[in-house]
file run_30.pdb (PDB, C-alpha atoms)
ATOM      1  CA  MET A 670      23.872  -1.940  -3.330
ATOM      2  CA  LYS A 671      21.682  -1.719  -0.238
ATOM      3  CA  GLN A 672      21.974  -4.430   2.390
ATOM      4  CA  VAL A 673      19.169  -5.856   4.502
ATOM      5  CA  VAL A 674      20.667  -4.369   7.669
ATOM      6  CA  GLU A 675      20.266  -0.885   6.158
ATOM      7  CA  VAL A 676      16.548  -1.477   5.630
ATOM      8  CA  ILE A 677      16.239  -2.695   9.222
ATOM      9  CA  ASN A 678      18.050   0.389  10.519
ATOM     10  CA  GLU A 679      15.708   2.651   8.522
ATOM     11  CA  LEU A 680      12.719   0.959  10.155
ATOM     12  CA  LYS A 681      14.272   1.360  13.597
ATOM     13  CA  GLU A 682      14.839   5.065  12.946
ATOM     14  CA  TRP A 683      11.229   5.516  11.824
ATOM     15  CA  GLU A 684       9.997   3.912  15.030
ATOM     16  CA  ARG A 685      12.337   6.095  17.098
ATOM     17  CA  VAL A 686      11.020   9.267  15.462
ATOM     18  CA  HIS A 687       7.306   8.388  15.276
ATOM     19  CA  THR A 688       6.949   6.266  18.457
ATOM     20  CA  PRO A 689       4.071   4.066  17.259
ATOM     21  CA  TYR A 690       1.857   2.307  19.792
ATOM     22  CA  ASP A 691      -1.416   0.384  19.895
ATOM     23  CA  ARG A 692      -4.451   0.907  22.119
ATOM     24  CA  THR A 693      -7.747  -0.954  22.347
ATOM     25  CA  THR A 694     -10.863   1.106  22.950
ATOM     26  CA  ARG A 695     -14.487   1.558  21.845
ATOM     27  CA  LEU A 696     -15.495   3.930  19.075
ATOM     28  CA  ASN A 697     -18.637   5.071  20.876
ATOM     29  CA  LEU A 698     -16.398   6.732  23.479
ATOM     30  CA  PHE A 699     -15.412   9.306  20.858
ATOM     31  CA  GLN A 700     -17.139  12.002  18.898
ATOM     32  CA  PHE A 701     -16.233  12.731  15.304
ATOM     33  CA  VAL A 702     -15.280  16.262  14.298
ATOM     34  CA  ILE A 703     -14.134  17.610  10.962
ATOM     35  CA  GLU A 704     -10.808  19.389  10.864
ATOM     36  CA  GLU A 705      -9.631  21.282   7.812
ATOM     37  CA  GLY A 706      -6.866  19.501   5.949
ATOM     38  CA  THR A 707      -7.610  16.074   7.476
ATOM     39  CA  GLY A 708     -10.214  13.359   7.100
ATOM     40  CA  GLY A 709     -11.399  14.247  10.579
ATOM     41  CA  LYS A 710     -10.692  13.738  14.257
ATOM     42  CA  LEU A 711     -11.923  11.432  16.990
ATOM     43  CA  VAL A 712     -12.249  13.366  20.246
ATOM     44  CA  PRO A 713     -12.760  11.452  23.537
ATOM     45  CA  LEU A 714     -16.069  12.151  25.170
ATOM     46  CA  SER A 715     -15.652  13.831  28.557
ATOM     47  CA  THR A 716     -19.079  13.207  30.105
ATOM     48  CA  GLY A 717     -21.406  10.292  30.700
ATOM     49  CA  LEU A 718     -18.638   7.678  30.844
ATOM     50  CA  GLU A 719     -18.852   4.574  32.949
ATOM     51  CA  LYS A 720     -15.860   3.916  35.194
ATOM     52  CA  GLN A 721     -14.806   0.921  33.152
ATOM     53  CA  GLU A 722     -14.788   3.038  30.004
ATOM     54  CA  THR A 723     -12.429   5.785  31.120
ATOM     55  CA  GLU A 724      -9.644   4.528  28.864
ATOM     56  CA  ALA A 725     -10.887   6.939  26.191
ATOM     57  CA  ILE A 726     -10.065   9.885  28.455
ATOM     58  CA  GLN A 727      -6.475   8.675  28.613
ATOM     59  CA  MET A 728      -6.180   8.880  24.834
ATOM     60  CA  PRO A 729      -5.424  12.115  22.952
ATOM     61  CA  ASN A 730      -7.540  13.586  20.211
ATOM     62  CA  LEU A 731      -6.870  11.286  17.275
ATOM     63  CA  THR A 732      -6.355  12.759  13.831
ATOM     64  CA  LEU A 733      -7.475  10.142  11.322
ATOM     65  CA  SER A 734      -5.115   9.341   8.469
ATOM     66  CA  ASP A 735      -6.800   8.895   5.098
ATOM     67  CA  HIS A 736      -6.587   5.126   5.541
ATOM     68  CA  ALA A 737      -7.962   5.188   9.093
ATOM     69  CA  PHE A 738     -10.769   7.509   8.005
ATOM     70  CA  GLY A 739     -11.772   5.060   5.282
ATOM     71  CA  GLN A 740     -11.761   2.258   7.845
ATOM     72  CA  TYR A 741     -13.900   4.417  10.167
ATOM     73  CA  LEU A 742     -16.519   5.016   7.494
ATOM     74  CA  ASN A 743     -16.506   1.370   6.498
ATOM     75  CA  ARG A 744     -16.916   0.196  10.097
ATOM     76  CA  LEU A 745     -19.913   2.485  10.598
ATOM     77  CA  GLY A 746     -21.368   1.461   7.218
ATOM     78  CA  TYR A 747     -21.279   5.043   5.951
ATOM     79  CA  PRO A 748     -20.572   5.317   2.190
ATOM     80  CA  ALA A 749     -17.544   7.444   1.300
ATOM     81  CA  GLN A 750     -19.412   8.930  -1.655
ATOM     82  CA  LEU A 751     -22.200  10.049   0.668
ATOM     83  CA  PHE A 752     -19.663  11.769   2.907
ATOM     84  CA  LYS A 753     -18.320  13.671  -0.106
ATOM     85  CA  ARG A 754     -21.803  14.800  -1.198
ATOM     86  CA  LEU A 755     -23.335  15.928   2.095
ATOM     87  CA  PRO A 756     -22.577  19.150   4.031
ATOM     88  CA  GLY A 757     -20.044  18.842   6.834
ATOM     89  CA  LYS A 758     -22.504  19.461   9.672
ATOM     90  CA  LEU A 759     -24.852  16.775   8.371
ATOM     91  CA  ASN A 760     -21.984  14.294   8.072
ATOM     92  CA  ILE A 761     -20.920  15.038  11.650
ATOM     93  CA  MET A 762     -24.452  14.487  12.933
ATOM     94  CA  ASN A 763     -24.893  11.250  10.977
ATOM     95  CA  LEU A 764     -21.547   9.777  11.966
ATOM     96  CA  ASN A 765     -21.879  10.613  15.646
ATOM     97  CA  TRP A 766     -25.383   9.117  15.737
ATOM     98  CA  LEU A 767     -24.103   5.938  14.068
ATOM     99  CA  SER A 768     -21.132   5.875  16.428
ATOM    100  CA  GLN A 769     -23.442   5.781  19.433
ATOM    101  CA  PHE A 770     -26.395   3.749  18.152
ATOM    102  CA  GLY A 771     -25.214   1.888  15.026
ATOM    103  CA  GLY A 772     -25.181  -1.890  15.069
ATOM    104  CA  TYR A 773     -21.465  -2.273  14.378
ATOM    105  CA  ASP A 774     -18.570  -3.802  16.317
ATOM    106  CA  LYS A 775     -17.507  -0.879  18.509
ATOM    107  CA  ASP A 776     -14.353  -2.518  19.874
ATOM    108  CA  VAL A 777     -11.240  -1.440  17.959
ATOM    109  CA  LEU A 778      -7.474  -1.588  18.070
ATOM    110  CA  VAL A 779      -6.107   1.856  17.220
ATOM    111  CA  ARG A 780      -2.636   1.977  15.682
ATOM    112  CA  VAL A 781      -1.199   5.373  16.643
ATOM    113  CA  GLN A 782       1.908   7.265  15.572
ATOM    114  CA  ASP A 783       3.293  10.688  16.511
ATOM    115  CA  ASN A 784       1.185  10.470  19.688
ATOM    116  CA  SER A 785      -2.040  11.605  18.030
ATOM    117  CA  ILE A 786      -2.318  10.255  14.466
ATOM    118  CA  ALA A 787      -4.489   7.175  14.045
ATOM    119  CA  ARG A 788      -2.881   5.342  11.158
ATOM    120  CA  ALA A 789      -5.337   2.428  11.315
ATOM    121  CA  LEU A 790      -8.512   1.259  13.076
ATOM    122  CA  MET A 791      -8.330  -2.510  13.301
ATOM    123  CA  SER A 792     -10.437  -5.268  14.802
ATOM    124  CA  LYS A 793      -9.793  -5.719  18.509
ATOM    125  CA  VAL A 794      -8.639  -9.279  17.814
ATOM    126  CA  TYR A 795      -6.130  -8.175  15.160
ATOM    127  CA  GLN A 796      -2.605  -9.396  15.901
ATOM    128  CA  PRO A 797      -0.169  -6.683  14.742
ATOM    129  CA  PHE A 798       2.918  -7.891  12.922
ATOM    130  CA  ASP A 799       5.164  -4.920  12.284
ATOM    131  CA  THR A 800       7.630  -5.011   9.419
ATOM    132  CA  LEU A 801      10.629  -4.434  11.688
ATOM    133  CA  GLU A 802       9.689  -7.526  13.667
ATOM    134  CA  LEU A 803       9.254  -9.480  10.437
ATOM    135  CA  LEU A 804      12.675  -8.534   9.083
ATOM    136  CA  GLU A 805      14.439  -9.186  12.370
ATOM    137  CA  LEU A 806      12.966 -12.702  12.339
ATOM    138  CA  ALA A 807      13.904 -13.196   8.679
ATOM    139  CA  GLU A 808      17.391 -11.650   8.851
ATOM    140  CA  PRO A 809      19.185 -14.898   9.808
ATOM    141  CA  PHE A 810      17.990 -16.396   6.512
ATOM    142  CA  MET A 811      19.278 -13.449   4.457
ATOM    143  CA  GLU A 812      23.022 -13.879   4.903
ATOM    144  CA  GLY A 813      24.740 -12.937   1.652
ATOM    145  CA  ALA A 814      21.559 -11.419   0.207
ATOM    146  CA  VAL A 815      21.482  -8.178  -1.796
ATOM    147  CA  VAL A 816      18.438  -5.887  -1.753
ATOM    148  CA  ARG A 817      17.100  -5.593  -5.306
ATOM    149  CA  TRP A 818      13.813  -3.801  -4.647
ATOM    150  CA  HIS A 819      12.548  -2.024  -1.559
ATOM    151  CA  TYR A 820       9.339  -0.039  -1.137
ATOM    152  CA  ASP A 821       7.776   1.258   2.064
ATOM    153  CA  ASP A 822       5.072   3.924   2.249
ATOM    154  CA  LYS A 823       3.855   2.760   5.704
ATOM    155  CA  MET A 824       0.786   1.320   4.020
ATOM    156  CA  THR A 825       2.479  -1.593   2.287
ATOM    157  CA  PHE A 826       6.028  -2.884   2.473
ATOM    158  CA  HIS A 827       7.951  -4.800  -0.208
ATOM    159  CA  LEU A 828      11.459  -6.223  -0.081
ATOM    160  CA  SER A 829      13.062  -8.331  -2.794
ATOM    161  CA  VAL A 830      16.477  -9.875  -2.197
ATOM    162  CA  SER A 831      18.655 -12.112  -4.341
ATOM    163  CA  PHE A 832      21.719 -14.211  -3.600
ATOM    164  CA  PRO A 833      24.652 -13.701  -6.025
ATOM    165  CA  ASN A 834      25.948 -17.150  -5.076
ATOM    166  CA  TYR A 835      22.736 -18.740  -6.371
ATOM    167  CA  ALA A 836      22.574 -17.898 -10.050
ATOM    168  CA  GLU A 837      22.410 -19.625 -13.406
ATOM    169  CA  GLU A 838      22.335 -18.826 -17.099
ATOM    170  CA  ILE A 839      19.088 -19.138 -19.001
ATOM    171  CA  ARG A 840      21.125 -18.673 -22.150
ATOM    172  CA  LYS A 841      24.742 -17.734 -22.796
ATOM    173  CA  GLY A 842      25.663 -14.611 -20.840
ATOM    174  CA  ASP A 843      22.109 -14.101 -19.508
ATOM    175  CA  ILE A 844      22.323 -14.727 -15.758
ATOM    176  CA  ILE A 845      19.450 -14.855 -13.284
ATOM    177  CA  GLU A 846      19.942 -14.782  -9.508
ATOM    178  CA  ARG A 847      17.570 -16.531  -7.123
ATOM    179  CA  GLY A 848      16.073 -15.010  -4.015
ATOM    180  CA  PHE A 849      12.773 -14.287  -2.329
ATOM    181  CA  HIS A 850      10.280 -11.479  -1.823
ATOM    182  CA  VAL A 851       8.643 -10.412   1.455
ATOM    183  CA  SER A 852       5.597  -8.160   1.677
ATOM    184  CA  ASN A 853       3.576  -6.892   4.618
ATOM    185  CA  SER A 854       1.182  -4.207   5.752
ATOM    186  CA  GLU A 855       1.004  -2.740   9.243
ATOM    187  CA  VAL A 856      -2.440  -1.258   8.633
ATOM    188  CA  GLY A 857      -4.403  -4.299   7.497
ATOM    189  CA  ILE A 858      -4.084  -4.070   3.711
ATOM    190  CA  ARG A 859      -2.349  -7.436   3.384
ATOM    191  CA  SER A 860      -1.040 -10.273   5.508
ATOM    192  CA  VAL A 861       2.595 -11.358   5.447
ATOM    193  CA  ARG A 862       3.572 -12.981   2.167
ATOM    194  CA  VAL A 863       6.799 -14.707   1.152
ATOM    195  CA  ALA A 864       7.331 -15.617  -2.500
ATOM    196  CA  GLY A 865      10.069 -16.741  -4.856
ATOM    197  CA  TYR A 866      11.985 -13.933  -6.588
ATOM    198  CA  THR A 867      14.448 -13.831  -9.475
ATOM    199  CA  HIS A 868      16.728 -10.999 -10.563
ATOM    200  CA  ARG A 869      18.013 -10.830 -14.150
ATOM    201  CA  LEU A 870      21.433  -9.169 -14.178
ATOM    202  CA  VAL A 871      21.539  -8.003 -17.807
ATOM    203  CA  CYS A 872      18.604  -5.624 -17.315
ATOM    204  CA  THR A 873      18.003  -5.683 -13.520
ATOM    205  CA  ASN A 874      14.475  -6.973 -14.068
ATOM    206  CA  GLY A 875      12.772  -8.564 -11.086
ATOM    207  CA  ALA A 876      10.092 -11.250 -11.149
ATOM    208  CA  ILE A 877       7.929 -12.459  -8.254
ATOM    209  CA  SER A 878       6.028 -15.722  -8.024
ATOM    210  CA  ARG A 879       2.434 -15.895  -6.867
ATOM    211  CA  GLY A 880       3.546 -17.557  -3.657
ATOM    212  CA  GLU A 881       0.389 -19.620  -3.369
ATOM    213  CA  GLY A 882      -0.384 -21.781  -0.348
ATOM    214  CA  ASP A 883      -0.535 -21.435   3.419
ATOM    215  CA  SER A 884       3.240 -21.631   3.783
ATOM    216  CA  PHE A 885       3.585 -18.375   1.835
ATOM    217  CA  ASN A 886       0.719 -16.352   3.260
ATOM    218  CA  PHE A 887       0.168 -16.125   7.007
ATOM    219  CA  ARG A 888      -0.866 -13.949   9.916
ATOM    220  CA  HIS A 889       0.866 -13.229  13.165
ATOM    221  CA  THR A 890      -0.058 -15.620  15.979
ATOM    222  CA  GLY A 891       1.711 -13.794  18.793
ATOM    223  CA  ASP A 892       4.229 -16.637  19.104
ATOM    224  CA  HIS A 893       7.651 -15.475  17.854
ATOM    225  CA  ASP A 894       9.165 -18.948  17.738
ATOM    226  CA  GLN A 895       6.260 -20.208  15.672
ATOM    227  CA  MET A 896       6.479 -17.209  13.367
ATOM    228  CA  ARG A 897      10.214 -17.761  12.884
ATOM    229  CA  ASP A 898       9.544 -21.374  11.934
ATOM    230  CA  MET A 899       6.806 -20.321   9.527
ATOM    231  CA  ILE A 900       9.104 -17.766   7.889
ATOM    232  CA  ARG A 901      11.882 -20.341   7.599
ATOM    233  CA  THR A 902       9.490 -22.806   5.952
ATOM    234  CA  ALA A 903       8.198 -20.159   3.546
ATOM    235  CA  ILE A 904      11.710 -19.095   2.536
ATOM    236  CA  GLU A 905      12.812 -22.685   2.002
ATOM    237  CA  THR A 906       9.720 -23.370  -0.093
ATOM    238  CA  SER A 907      10.309 -20.198  -2.116
ATOM    239  CA  LYS A 908      13.537 -21.793  -3.398
ATOM    240  CA  LEU A 909      11.393 -24.298  -5.272
ATOM    241  CA  GLU A 910       9.421 -21.378  -6.691
ATOM    242  CA  THR A 911      12.569 -19.787  -8.103
ATOM    243  CA  GLU A 912      13.470 -23.060  -9.797
ATOM    244  CA  ARG A 913      10.031 -23.073 -11.389
ATOM    245  CA  ILE A 914      10.362 -19.438 -12.515
ATOM    246  CA  ILE A 915      13.703 -20.065 -14.207
ATOM    247  CA  ALA A 916      12.404 -23.219 -15.883
ATOM    248  CA  GLN A 917       9.420 -21.279 -17.206
ATOM    249  CA  PHE A 918      11.653 -18.496 -18.521
ATOM    250  CA  LYS A 919      13.864 -20.991 -20.363
ATOM    251  CA  ASN A 920      10.807 -22.565 -21.929
ATOM    252  CA  ALA A 921       9.316 -19.157 -22.790
ATOM    253  CA  LEU A 922      12.373 -18.342 -24.913
ATOM    254  CA  ASN A 923      11.162 -21.003 -27.354
ATOM    255  CA  VAL A 924       7.483 -20.033 -27.364
ATOM    256  CA  LYS A 925       6.750 -17.822 -30.375
ATOM    257  CA  VAL A 926       3.892 -15.326 -30.181
ATOM    258  CA  GLU A 927       2.310 -14.468 -33.528
ATOM    259  CA  GLU A 928       0.790 -11.143 -32.440
ATOM    260  CA  PRO A 929       2.879  -9.999 -29.460
ATOM    261  CA  PHE A 930       1.372  -6.509 -29.160
ATOM    262  CA  ASP A 931      -2.190  -7.850 -29.249
ATOM    263  CA  PHE A 932      -1.268 -10.519 -26.722
ATOM    264  CA  LEU A 933       0.240  -7.913 -24.396
ATOM    265  CA  GLN A 934      -2.863  -5.737 -24.625
ATOM    266  CA  LYS A 935      -5.170  -8.679 -23.943
ATOM    267  CA  THR A 936      -3.060  -9.711 -20.941
ATOM    268  CA  PHE A 937      -3.309  -6.269 -19.370
ATOM    269  CA  LYS A 938      -7.060  -6.078 -19.885
ATOM    270  CA  GLU A 939      -7.583  -9.502 -18.337
ATOM    271  CA  ASN A 940      -5.581  -8.476 -15.270
ATOM    272  CA  ASN A 941      -7.194  -5.029 -14.876
ATOM    273  CA  LEU A 942      -3.950  -3.109 -15.154
ATOM    274  CA  THR A 943      -3.865   0.515 -16.248
ATOM    275  CA  VAL A 944      -3.317   2.044 -19.665
ATOM    276  CA  GLU A 945      -0.111   3.641 -18.331
ATOM    277  CA  GLN A 946       1.224   0.240 -17.294
ATOM    278  CA  PHE A 947       0.367  -1.191 -20.721
ATOM    279  CA  LYS A 948       2.024   1.683 -22.598
ATOM    280  CA  ALA A 949       5.197   1.368 -20.513
ATOM    281  CA  SER A 950       5.351  -2.373 -21.184
ATOM    282  CA  LEU A 951       4.688  -1.848 -24.887
ATOM    283  CA  THR A 952       7.590   0.590 -25.093
ATOM    284  CA  GLU A 953       9.841  -1.986 -23.438
ATOM    285  CA  LEU A 954       8.654  -4.685 -25.846
ATOM    286  CA  MET A 955       9.249  -2.603 -28.951
ATOM    287  CA  GLY A 956      12.917  -2.223 -27.985
ATOM    288  CA  SER A 957      13.427  -5.888 -27.145
ATOM    289  CA  GLN A 958      15.370  -8.409 -29.204
ATOM    290  CA  ASP A 959      12.904 -11.011 -27.920
ATOM    291  CA  LYS A 960       9.707  -9.244 -28.938
ATOM    292  CA  ASP A 961       8.480 -12.268 -30.908
ATOM    293  CA  ASN A 962       8.639 -14.755 -28.019
ATOM    294  CA  LEU A 963       6.922 -15.139 -24.668
ATOM    295  CA  PHE A 964      10.074 -14.474 -22.675
ATOM    296  CA  GLY A 965      10.420 -11.073 -24.324
ATOM    297  CA  ILE A 966       6.824 -10.197 -23.440
ATOM    298  CA  SER A 967       7.401 -11.311 -19.867
ATOM    299  CA  GLN A 968      10.537  -9.189 -19.596
ATOM    300  CA  SER A 969       8.831  -6.162 -21.106
ATOM    301  CA  ILE A 970       6.373  -6.245 -18.210
ATOM    302  CA  SER A 971       9.003  -6.697 -15.486
ATOM    303  CA  GLY A 972      11.185  -4.064 -17.158
ATOM    304  CA  ALA A 973       8.330  -1.560 -17.197
ATOM    305  CA  ALA A 974       7.566  -2.372 -13.551
ATOM    306  CA  LYS A 975      10.699  -0.450 -12.559
ATOM    307  CA  GLY A 976       8.934   2.750 -13.589
ATOM    308  CA  PHE A 977       6.128   2.230 -11.069
ATOM    309  CA  GLU A 978       5.966   2.141  -7.297
ATOM    310  CA  GLY A 979       4.426  -0.085  -4.678
ATOM    311  CA  GLU A 980       1.511  -2.299  -5.572
ATOM    312  CA  LYS A 981       1.603  -1.398  -9.279
ATOM    313  CA  SER A 982       5.205  -2.547  -9.612
ATOM    314  CA  TYR A 983       4.498  -5.611  -7.483
ATOM    315  CA  GLU A 984       1.560  -6.762  -9.622
ATOM    316  CA  MET A 985       3.564  -6.302 -12.825
ATOM    317  CA  GLN A 986       6.475  -8.328 -11.486
ATOM    318  CA  ARG A 987       4.054 -11.086 -10.538
ATOM    319  CA  LEU A 988       2.337 -10.957 -13.937
ATOM    320  CA  SER A 989       5.688 -11.352 -15.693
ATOM    321  CA  VAL A 990       5.922 -14.807 -14.124
ATOM    322  CA  GLU A 991       2.281 -15.762 -14.434
ATOM    323  CA  ILE A 992       2.104 -15.357 -18.213
ATOM    324  CA  THR A 993       4.923 -17.885 -18.661
ATOM    325  CA  ASP A 994       2.993 -20.585 -16.812
ATOM    326  CA  PRO A 995       2.676 -23.642 -19.101
ATOM    327  CA  SER A 996      -1.084 -23.803 -18.491
ATOM    328  CA  ARG A 997      -1.463 -20.348 -20.048
ATOM    329  CA  ILE A 998       0.832 -21.037 -22.991
ATOM    330  CA  LEU A 999      -1.691 -23.430 -24.549
ATOM    331  CA  SER A1000      -4.071 -20.544 -25.232
ATOM    332  CA  LEU A1001      -1.521 -18.030 -26.498
ATOM    333  CA  ASN A1002      -2.331 -17.775 -30.146
TER     334      ASN A1002
END
call {"tool": "encode", "arguments": {"input": "run_30.pdb", "output": "structure tokens"}}
result
Amino acid sequence: MKQVVEVINELKEWERVHTPYDRTTRLNLFQFVIEEGTGGKLVPLSTGLEKQETEAIQMPNLTLSDHAFGQYLNRLGYPAQLFKRLPGKLNIMNLNWLSQFGGYDKDVLVRVQDNSIARALMSKVYQPFDTLELLELAEPFMEGAVVRWHYDDKMTFHLSVSFPNYAEEIRKGDIIERGFHVSNSEVGIRSVRVAGYTHRLVCTNGAISRGEGDSFNFRHTGDHDQMRDMIRTAIETSKLETERIIAQFKNALNVKVEEPFDFLQKTFKENNLTVEQFKASLTELMGSQDKDNLFGISQSISGAAKGFEGEKSYEMQRLSVEITDPSRILSLN
């Protein structure tokens, strides 16, 4: 089983290899060019610069990642579908005109890796909160924790841990461990979120609470001591969330569902999940001994989540908790 320190060491190695850094600049100091195999490049202008704007010269040509390119188009108010439809030369002309004369906020924070890859174009006032920093602040609160789920594609990060010493039976021989889940994005997709997490040993299913409230969802303030206190508060509060999850699961064991397959299908439609996610959950449900109760439906979703990555798995693990909420049970059948 992976330990938290191993995840931290992986993040340190990534930073050693890719040497990420941040730089503030203005987009109108660059021209956009199209490069085959990439979304495009931002090339510093070499003429007509004021003395106070020479920081662009000190930056390399920036190859835009797919995410950064989408942010670039969005900032300039240029529809992605239009970019796909128009010839390259016309797109270059349009984007460079907008870059110089468009009425957008030209100040940006560029998140760079490998010296010349722009992984994100953020607001100049954005306070970066890298995942390594987050985990190093949270590590003191993870003593004895075991990593149950870990995902990191450098767009979003997810880490679920449970504590073997904090476990209880929801029925004879069916043990659930308590823990918490941390998620983050270094490129502006999400803020830091801490939520309650449970891990069911018999099938290794994970479940994540919604983690509602300001204590669960926060942005970096630049003050490490304050951030550490906020993380501590969120983790402590998540313990109450795990108690609620387990209580809901126990109750769900006694909630019969007359048409479980129809209920599952309706649930997925209401939450805008994919047909593939529904089919995977249906397969899990058909093989479950609890297919006629709400707990079985919940576990079919969290069980199927293991076959998906990133945000898809995350949303399914959260849904497995949400459908057992007592307020939803009233409208089951």
call {"tool": "closest_residue", "arguments": {"input": "run_30.pdb", "among": "A:Lys823, A:Met985, A:Ala973, A:Tyr795", "to": "Ile877 in chain A", "atoms": "only C-alpha atoms"}}
result
A:Met985
call {"tool": "residues_around", "arguments": {"input": "run_30.pdb", "residues": "Gln750 in chain A", "least_positions_apart": "6", "cutoff": "12 Å", "atoms": "all atoms listed in the file", "output": "ChimeraX atom specification"}}
result
/A:739,742-743,760
call {"tool": "residues_around", "arguments": {"input": "run_30.pdb", "residues": "Leu954 in chain A", "least_positions_apart": "3", "cutoff": "7 Å", "atoms": "all atoms listed in the file", "output": "short mmCIF file (atom, residue, chain, number, x, y, z; two decimals) with C-alpha atoms, in the frame of the given file"}}
result
data_model
loop_
_atom_site.label_atom_id
_atom_site.label_comp_id
_atom_site.auth_asym_id
_atom_site.auth_seq_id
_atom_site.Cartn_x
_atom_site.Cartn_y
_atom_site.Cartn_z
CA SER A 950 5.35 -2.37 -21.18
CA LEU A 951 4.69 -1.85 -24.89
CA SER A 957 13.43 -5.89 -27.14
CA LYS A 960 9.71 -9.24 -28.94
CA GLY A 965 10.42 -11.07 -24.32
CA ILE A 966 6.82 -10.20 -23.44
CA SER A 969 8.83 -6.16 -21.11
#
call {"tool": "atom_distance", "arguments": {"input": "run_30.pdb", "atom1": "CA of Leu942 in chain A", "atom2": "CA of Glu980 in chain A"}}
result
11.1 Å
call {"tool": "resolve_selection", "arguments": {"input": "run_30.pdb", "expression": "the PyMOL selection byres ((chain A and resi 832) around 10)", "output": "PyMOL selection string"}}
result
chain A and resi 811-817+830-831+833-836+845-849+867-868
call {"tool": "closest_residue", "arguments": {"input": "run_30.pdb", "among": "A:Glu910, A:Ala903, A:His819, A:Thr993", "to": "Val926 in chain A", "atoms": "all atoms listed in the file"}}
result
A:Thr993
call {"tool": "resolve_selection", "arguments": {"input": "run_30.pdb", "expression": "the PyMOL selection byres ((chain A and resi 991) around 12)", "output": "count of residues only"}}
result
35
call {"tool": "atom_distance", "arguments": {"input": "run_30.pdb", "atom1": "CA of Asp843 in chain A", "atom2": "CA of Val871 in chain A"}}
result
6.4 Å
call {"tool": "closest_residue", "arguments": {"input": "run_30.pdb", "among": "A:Glu905, A:Glu802, A:Asp894, A:Asp931", "to": "Val863 in chain A", "atoms": "only C-alpha atoms"}}
result
A:Glu905
call {"tool": "closest_residue", "arguments": {"input": "run_30.pdb", "among": "A:Asn765, A:Ser715, A:Gln958, A:Ser852", "to": "Gly865 in chain A", "atoms": "only C-alpha atoms"}}
result
A:Ser852
call {"tool": "resolve_selection", "arguments": {"input": "run_30.pdb", "expression": "the PyMOL selection byres ((chain A and resi 806) around 10)", "output": "ChimeraX atom specification"}}
result
/A:800-805,807-810,893-894,896-898,900-901
call {"tool": "atom_distance", "arguments": {"input": "run_30.pdb", "atom1": "CA of Pro713 in chain A", "atom2": "CA of Trp766 in chain A"}}
result
15.0 Å
call {"tool": "residues_near_point", "arguments": {"input": "run_30.pdb", "point": "(11.7, -4.2, -0.9)", "cutoff": "10 Å", "atoms": "all atoms listed in the file", "output": "ChimeraX atom specification"}}
result
/A:673,676,816-821,826-830,850-852,979,983
call {"tool": "residues_around", "arguments": {"input": "run_30.pdb", "residues": "Pro689 in chain A", "least_positions_apart": "2", "cutoff": "7 Å", "atoms": "all atoms listed in the file", "output": "VMD selection string"}}
result
chain A and resid 684 687 781 to 783
